[in-house]
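J.: Input file: run.csv. Contents: CSV, C-alpha atoms.
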chain,number,residue,atom,x,y,z
A,175,MET,CA,-52.1,-11.1,27.6
A,176,SER,CA,-53.3,-9.4,24.5
A,177,ARG,CA,-51.2,-9.5,21.4
A,178,PRO,CA,-49.8,-6.0,20.3
A,179,GLU,CA,-51.1,-4.6,17.1
A,180,PRO,CA,-48.5,-5.0,14.4
A,181,SER,CA,-47.4,-2.1,12.3
A,182,ALA,CA,-48.4,-1.9,8.6
A,183,SER,CA,-44.9,-3.0,7.6
A,184,SER,CA,-45.1,-6.1,9.7
A,185,ARG,CA,-48.7,-7.2,9.1
A,186,SER,CA,-47.7,-9.6,6.4
A,187,PHE,CA,-45.3,-11.3,8.9
A,188,TRP,CA,-48.1,-11.7,11.4
A,189,ARG,CA,-50.5,-13.1,8.8
A,190,ARG,CA,-47.9,-15.6,7.7
A,191,SER,CA,-47.3,-16.5,11.4
A,192,LEU,CA,-51.0,-17.0,12.1
A,193,CYS,CA,-51.4,-19.1,9.0
A,194,CYS,CA,-48.6,-21.4,10.2
A,195,SER,CA,-50.0,-21.8,13.7
A,196,SER,CA,-53.5,-20.8,14.7
A,197,SER,CA,-52.9,-21.5,18.3
A,198,LEU,CA,-49.4,-20.0,18.8
A,199,CYS,CA,-47.8,-17.0,17.5
A,200,LEU,CA,-44.1,-16.2,18.2
A,201,LEU,CA,-42.3,-13.0,17.6
A,202,ILE,CA,-38.5,-13.4,17.7
A,203,PHE,CA,-36.1,-10.5,17.8
A,204,ILE,CA,-32.6,-11.3,16.6
A,205,ASP,CA,-29.8,-9.1,18.0
A,206,ASP,CA,-27.4,-8.9,15.1
A,207,PRO,CA,-25.1,-6.0,15.8
A,208,ILE,CA,-23.4,-4.3,12.9
A,209,ARG,CA,-19.7,-5.3,12.9
A,210,GLU,CA,-17.1,-2.7,12.2
A,211,PRO,CA,-15.1,-3.6,9.1
A,212,MET,CA,-11.5,-4.6,9.7
A,213,ALA,CA,-9.0,-1.9,8.7
A,214,THR,CA,-7.1,-2.2,5.5
A,215,LYS,CA,-3.4,-2.9,6.3
A,216,ILE,CA,-0.8,-1.2,4.1
A,217,TYR,CA,2.9,-2.0,4.3
A,218,ILE,CA,5.4,0.5,2.9
A,219,VAL,CA,8.6,-1.5,2.3
A,220,TYR,CA,11.7,0.3,1.1
A,221,TYR,CA,15.5,0.4,0.8
A,222,SER,CA,17.3,3.8,1.2
A,223,MET,CA,21.0,4.3,1.3
A,224,TYR,CA,21.2,8.1,1.5
A,225,GLY,CA,17.7,8.9,2.7
A,226,HIS,CA,15.9,10.1,-0.4
A,227,VAL,CA,13.6,7.0,-0.7
A,228,ALA,CA,13.1,7.1,3.0
A,229,LYS,CA,11.7,10.7,2.7
A,230,LEU,CA,9.3,9.7,0.0
A,231,ALA,CA,8.2,6.7,2.1
A,232,GLU,CA,7.5,9.0,5.1
A,233,GLU,CA,5.4,11.3,2.9
A,234,ILE,CA,3.6,8.3,1.3
A,235,GLN,CA,2.8,7.1,4.9
A,236,LYS,CA,1.1,10.5,5.6
A,237,GLY,CA,-1.0,10.1,2.4
A,238,VAL,CA,-2.1,6.6,3.5
A,239,ASN,CA,-2.9,7.8,7.0
A,240,SER,CA,-5.3,10.4,5.5
A,241,VAL,CA,-7.6,7.7,4.4
A,242,GLU,CA,-10.1,6.5,7.0
A,243,GLY,CA,-10.1,2.8,7.9
A,244,VAL,CA,-6.6,2.2,6.8
A,245,GLU,CA,-3.5,1.2,8.9
A,246,VAL,CA,0.0,1.7,7.6
A,247,LYS,CA,3.4,0.5,8.7
A,248,LEU,CA,6.9,1.4,7.5
A,249,TRP,CA,9.5,-1.3,6.9
A,250,GLN,CA,13.0,-1.4,5.4
A,251,VAL,CA,14.6,-4.4,3.8
A,252,PRO,CA,17.9,-5.9,5.2
A,253,GLU,CA,21.2,-4.3,4.2
A,254,THR,CA,23.5,-6.6,2.2
A,255,LEU,CA,26.6,-4.4,2.5
A,256,SER,CA,28.9,-4.4,5.5
A,257,GLU,CA,29.1,-1.4,7.8
A,258,GLU,CA,32.7,-0.8,6.6
A,259,VAL,CA,31.6,-0.6,3.0
A,260,ILE,CA,28.6,1.6,3.9
A,261,GLY,CA,30.9,3.9,5.8
A,262,LYS,CA,33.3,4.3,2.9
A,263,MET,CA,30.3,5.2,0.6
A,264,GLY,CA,29.5,8.1,2.9
A,265,ALA,CA,26.0,6.8,3.7
A,266,PRO,CA,24.4,7.9,7.0
A,267,PRO,CA,23.4,5.4,9.7
A,268,LYS,CA,20.2,3.4,9.2
A,269,SER,CA,17.0,4.6,10.8
A,270,ASP,CA,15.2,2.7,13.5
A,271,VAL,CA,12.4,1.6,11.0
A,272,PRO,CA,12.0,-2.2,11.6
A,273,ILE,CA,13.6,-4.7,9.2
A,274,ILE,CA,11.1,-6.8,7.3
A,275,GLN,CA,11.3,-10.5,6.6
A,276,PRO,CA,9.8,-12.0,3.5
A,277,ASN,CA,6.9,-13.8,5.2
A,278,ASP,CA,5.8,-10.5,6.8
A,279,LEU,CA,4.5,-9.4,3.4
A,280,ALA,CA,1.6,-11.9,3.5
A,281,GLU,CA,0.0,-10.0,6.4
A,282,ALA,CA,-0.6,-6.9,4.3
A,283,ASP,CA,-3.6,-6.1,2.3
A,284,GLY,CA,-1.5,-3.8,0.0
A,285,ILE,CA,2.2,-3.1,-0.4
A,286,LEU,CA,4.1,-0.1,-1.6
A,287,LEU,CA,7.7,-0.8,-2.6
A,288,GLY,CA,10.4,1.8,-2.8
A,289,PHE,CA,14.1,1.7,-3.8
A,290,PRO,CA,16.8,3.7,-5.5
A,291,THR,CA,17.9,2.8,-9.0
A,292,ARG,CA,21.1,1.0,-10.0
A,293,PHE,CA,21.7,1.2,-13.8
A,294,GLY,CA,18.0,1.6,-14.5
A,295,MET,CA,16.8,-1.2,-12.2
A,296,MET,CA,16.1,-1.6,-8.5
A,297,ALA,CA,19.0,-1.6,-6.1
A,298,ALA,CA,20.6,-5.0,-5.4
A,299,GLN,CA,19.6,-4.8,-1.7
A,300,PHE,CA,15.9,-4.7,-2.7
A,301,LYS,CA,16.3,-7.4,-5.4
A,302,ALA,CA,17.9,-9.7,-2.8
A,303,PHE,CA,14.9,-9.2,-0.6
A,304,ILE,CA,12.5,-10.0,-3.5
A,305,ASP,CA,14.7,-13.1,-4.4
A,306,ALA,CA,14.0,-14.3,-0.8
A,307,THR,CA,10.3,-14.4,-1.4
A,308,GLY,CA,10.3,-17.8,-3.2
A,309,GLY,CA,8.2,-19.4,-0.5
A,310,LEU,CA,5.5,-16.8,-0.9
A,311,TRP,CA,5.7,-17.2,-4.7
A,312,ARG,CA,5.3,-21.0,-4.4
A,313,SER,CA,2.1,-20.6,-2.4
A,314,GLN,CA,1.0,-17.5,-4.3
A,315,ALA,CA,0.4,-15.8,-0.9
A,316,LEU,CA,0.6,-12.4,-2.4
A,317,ALA,CA,-1.6,-13.1,-5.4
A,318,GLY,CA,-4.4,-10.5,-5.8
A,319,LYS,CA,-2.8,-8.0,-3.4
A,320,PRO,CA,-2.4,-4.5,-4.8
A,321,ALA,CA,1.1,-3.1,-5.1
A,322,GLY,CA,2.7,0.2,-5.9
A,323,ILE,CA,6.2,1.4,-6.7
A,324,PHE,CA,8.2,4.6,-5.8
A,325,TYR,CA,11.9,5.3,-6.4
A,326,SER,CA,14.9,7.6,-6.6
A,327,THR,CA,17.4,8.1,-9.4
A,328,GLY,CA,20.6,10.1,-9.7
A,329,SER,CA,19.8,12.1,-12.8
A,330,GLN,CA,17.0,12.8,-15.2
A,331,GLY,CA,18.2,10.1,-17.5
A,332,GLY,CA,18.9,7.7,-14.7
A,333,GLY,CA,15.8,5.5,-14.9
A,334,GLN,CA,12.7,7.3,-13.7
A,335,GLU,CA,10.6,5.0,-15.9
A,336,THR,CA,12.8,1.9,-16.5
A,337,THR,CA,13.3,1.4,-12.8
A,338,PRO,CA,9.6,0.8,-12.0
A,339,LEU,CA,9.0,-0.8,-15.4
A,340,THR,CA,11.6,-3.5,-14.7
A,341,ALA,CA,10.2,-4.0,-11.2
A,342,ILE,CA,6.8,-4.9,-12.5
A,343,THR,CA,8.0,-8.3,-13.5
A,344,GLN,CA,8.5,-9.2,-9.8
A,345,LEU,CA,4.9,-8.3,-9.1
A,346,ALA,CA,3.6,-10.3,-12.1
A,347,HIS,CA,5.3,-13.5,-10.9
A,348,HIS,CA,3.6,-13.1,-7.5
A,349,GLY,CA,0.2,-12.5,-9.2
A,350,MET,CA,0.0,-9.0,-7.6
A,351,ILE,CA,-2.1,-6.1,-9.0
A,352,PHE,CA,0.0,-3.2,-10.0
A,353,VAL,CA,-1.5,0.2,-9.1
A,354,PRO,CA,0.2,3.1,-10.9
A,355,ILE,CA,-0.8,6.6,-10.2
A,356,GLY,CA,-1.3,7.4,-13.9
A,357,TYR,CA,-2.0,11.1,-14.2
A,358,THR,CA,-4.2,11.3,-11.2
A,359,PHE,CA,-1.8,13.8,-9.6
A,360,GLY,CA,-3.1,16.4,-12.1
A,361,ALA,CA,-1.2,19.5,-13.1
A,362,GLY,CA,1.8,18.4,-11.1
A,363,MET,CA,2.4,15.6,-13.7
A,364,PHE,CA,3.0,18.3,-16.4
A,365,GLU,CA,5.4,20.5,-14.5
A,366,MET,CA,8.1,21.8,-16.8
A,367,ALA,CA,9.6,24.8,-15.0
A,368,ASP,CA,11.3,22.8,-12.3
A,369,VAL,CA,13.1,19.5,-12.1
A,370,LYS,CA,10.6,16.9,-10.9
A,371,GLY,CA,10.9,13.1,-10.4
A,372,GLY,CA,8.1,10.6,-10.7
A,373,SER,CA,6.1,9.3,-13.6
A,374,PRO,CA,2.7,7.6,-14.2
A,375,TYR,CA,4.3,4.5,-12.6
A,376,GLY,CA,4.7,6.1,-9.2
A,377,ALA,CA,6.3,8.9,-7.1
A,378,GLY,CA,10.0,9.6,-7.6
A,379,THR,CA,12.8,12.0,-6.9
A,380,TYR,CA,16.3,12.9,-8.1
A,381,ALA,CA,19.2,12.5,-5.7
A,382,GLY,CA,21.8,14.2,-7.9
A,383,ASP,CA,25.2,13.9,-6.1
A,384,GLY,CA,23.3,13.1,-2.9
A,385,SER,CA,22.9,16.7,-1.7
A,386,ARG,CA,19.6,17.3,-3.4
A,387,ASN,CA,16.5,16.6,-1.3
A,388,PRO,CA,13.0,15.8,-2.6
A,389,SER,CA,11.3,18.9,-3.7
A,390,GLN,CA,8.0,20.1,-2.4
A,391,LEU,CA,6.3,19.0,-5.6
A,392,GLU,CA,7.9,15.5,-5.3
A,393,LEU,CA,6.7,15.2,-1.7
A,394,GLU,CA,3.2,16.3,-2.7
A,395,GLN,CA,3.2,13.6,-5.4
A,396,ALA,CA,4.4,11.0,-2.8
A,397,PHE,CA,1.5,12.1,-0.5
A,398,HIS,CA,-0.9,11.7,-3.4
A,399,GLN,CA,0.4,8.2,-4.2
A,400,GLY,CA,-0.1,7.1,-0.6
A,401,LYS,CA,-3.7,8.5,-0.5
A,402,TYR,CA,-4.6,7.2,-3.9
A,403,PHE,CA,-3.2,3.7,-3.3
A,404,ALA,CA,-4.9,3.4,0.1
A,405,THR,CA,-8.2,4.3,-1.5
A,406,ILE,CA,-7.8,1.6,-4.1
A,407,ALA,CA,-6.6,-1.0,-1.6
A,408,LYS,CA,-9.5,-0.3,0.7
A,409,LYS,CA,-12.0,-0.8,-2.1
A,410,LEU,CA,-10.4,-4.1,-3.1
A,411,LYS,CA,-10.5,-5.4,0.4
A,412,ALA,CA,-14.2,-4.3,0.8
A,413,SER,CA,-15.1,-6.2,-2.4
A,414,SER,CA,-13.3,-9.4,-1.4
Show the structure stored in the file as structure tokens.
T.:
Amino acid sequence: MSRPEPSASSRSFWRRSLCCSSSLCLLIFIDDPIREPMATKIYIVYYSMYGHVAKLAEEIQKGVNSVEGVEVKLWQVPETLSEEVIGKMGAPPKSDVPIIQPNDLAEADGILLGFPTRFGMMAAQFKAFIDATGGLWRSQALAGKPAGIFYSTGSQGGGQETTPLTAITQLAHHGMIFVPIGYTFGAGMFEMADVKGGSPYGAGTYAGDGSRNPSQLELEQAFHQGKYFATIAKKLKASS
């Protein structure tokens, strides 16, 4: 059987092969299929008493879903108040979003955390959940994972910046990478005609007395945060 004439690009290979063995020349084809990269897994973890943070979370989920190669899952943290107390506070029933346990966080490639404010800091329910992550802190299981923050306050002076600012300390102790939105939302960050929550730290809304729903601009900012965060998390995973 005659040996096929090699192409110009492969002649150097043939020459090297012939120099190695003048009596035998082997051509080996290696089947090395291109593997599809694993999807980046994003968890959106939140606490919402009256539904404002939940609405932001749903819009952020849409933003994350707009990025190819990314999977997203909504979680809510456990409630610490009794149903009787919740009822007296006029809060609606909880949604069917699954309840997260601390160790579930380690499965995610990136985590977005959402909560309402209480006196300029995250609500006690979410703080209780963070306090239960001691095992993850001990092993630094969350170190290097990107994290973002979104929130709701009762008024314009209610903590739109102090709430995320005081939450960053939790991320620092876990060694997480805080991903703010900065001013990437563009002109929407400079809106002055209408009341708008949010800041360079993350998407936000105003609840007022509870009757105000997130505005269209606030929802657009939440969508932007989800898309922006997912893009960053995907890049970080690809480079690891």
J.: Which polymer residues, protein or nucleic acid, are no farther than 10 Å from (16.9, 8.9, 2.2), counting all atoms listed in the file, as an MDAnalysis selection string?
T.: chainID A and resid 221:232 265:266 268:269 289:290 326 381 384 387:388
J.: Calculate how many Å separate atom CA of A:Leu255 from atom CA of A:Phe300, rounding to one decimal.
T.: 11.9 Å
J.: Using atom CA of A:Gly333 and atom CA of A:Tyr375 as the two end points, give the distance in Å to one decimal.
T.: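 Atom-to-atom, atom CA of A:Gly333 to atom CA of A:Tyr375, that is 11.8 Å.
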J.: Could you jot down the atom CA of A:Gly360 to atom CA of A:Glu394 separation for me, Å, one decimal place?
T.: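 Pair atom CA of A:Gly360 / atom CA of A:Glu394 returns 11.3 Å.
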J.: Which residue gives the smallest distance to A:Glu392 among A:Asp270, A:Glu253, A:Glu281, A:Asp368, with only C-alpha atoms counted?
T.: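 With only C-alpha atoms as the atom set, the closest residue is A:Asp368.
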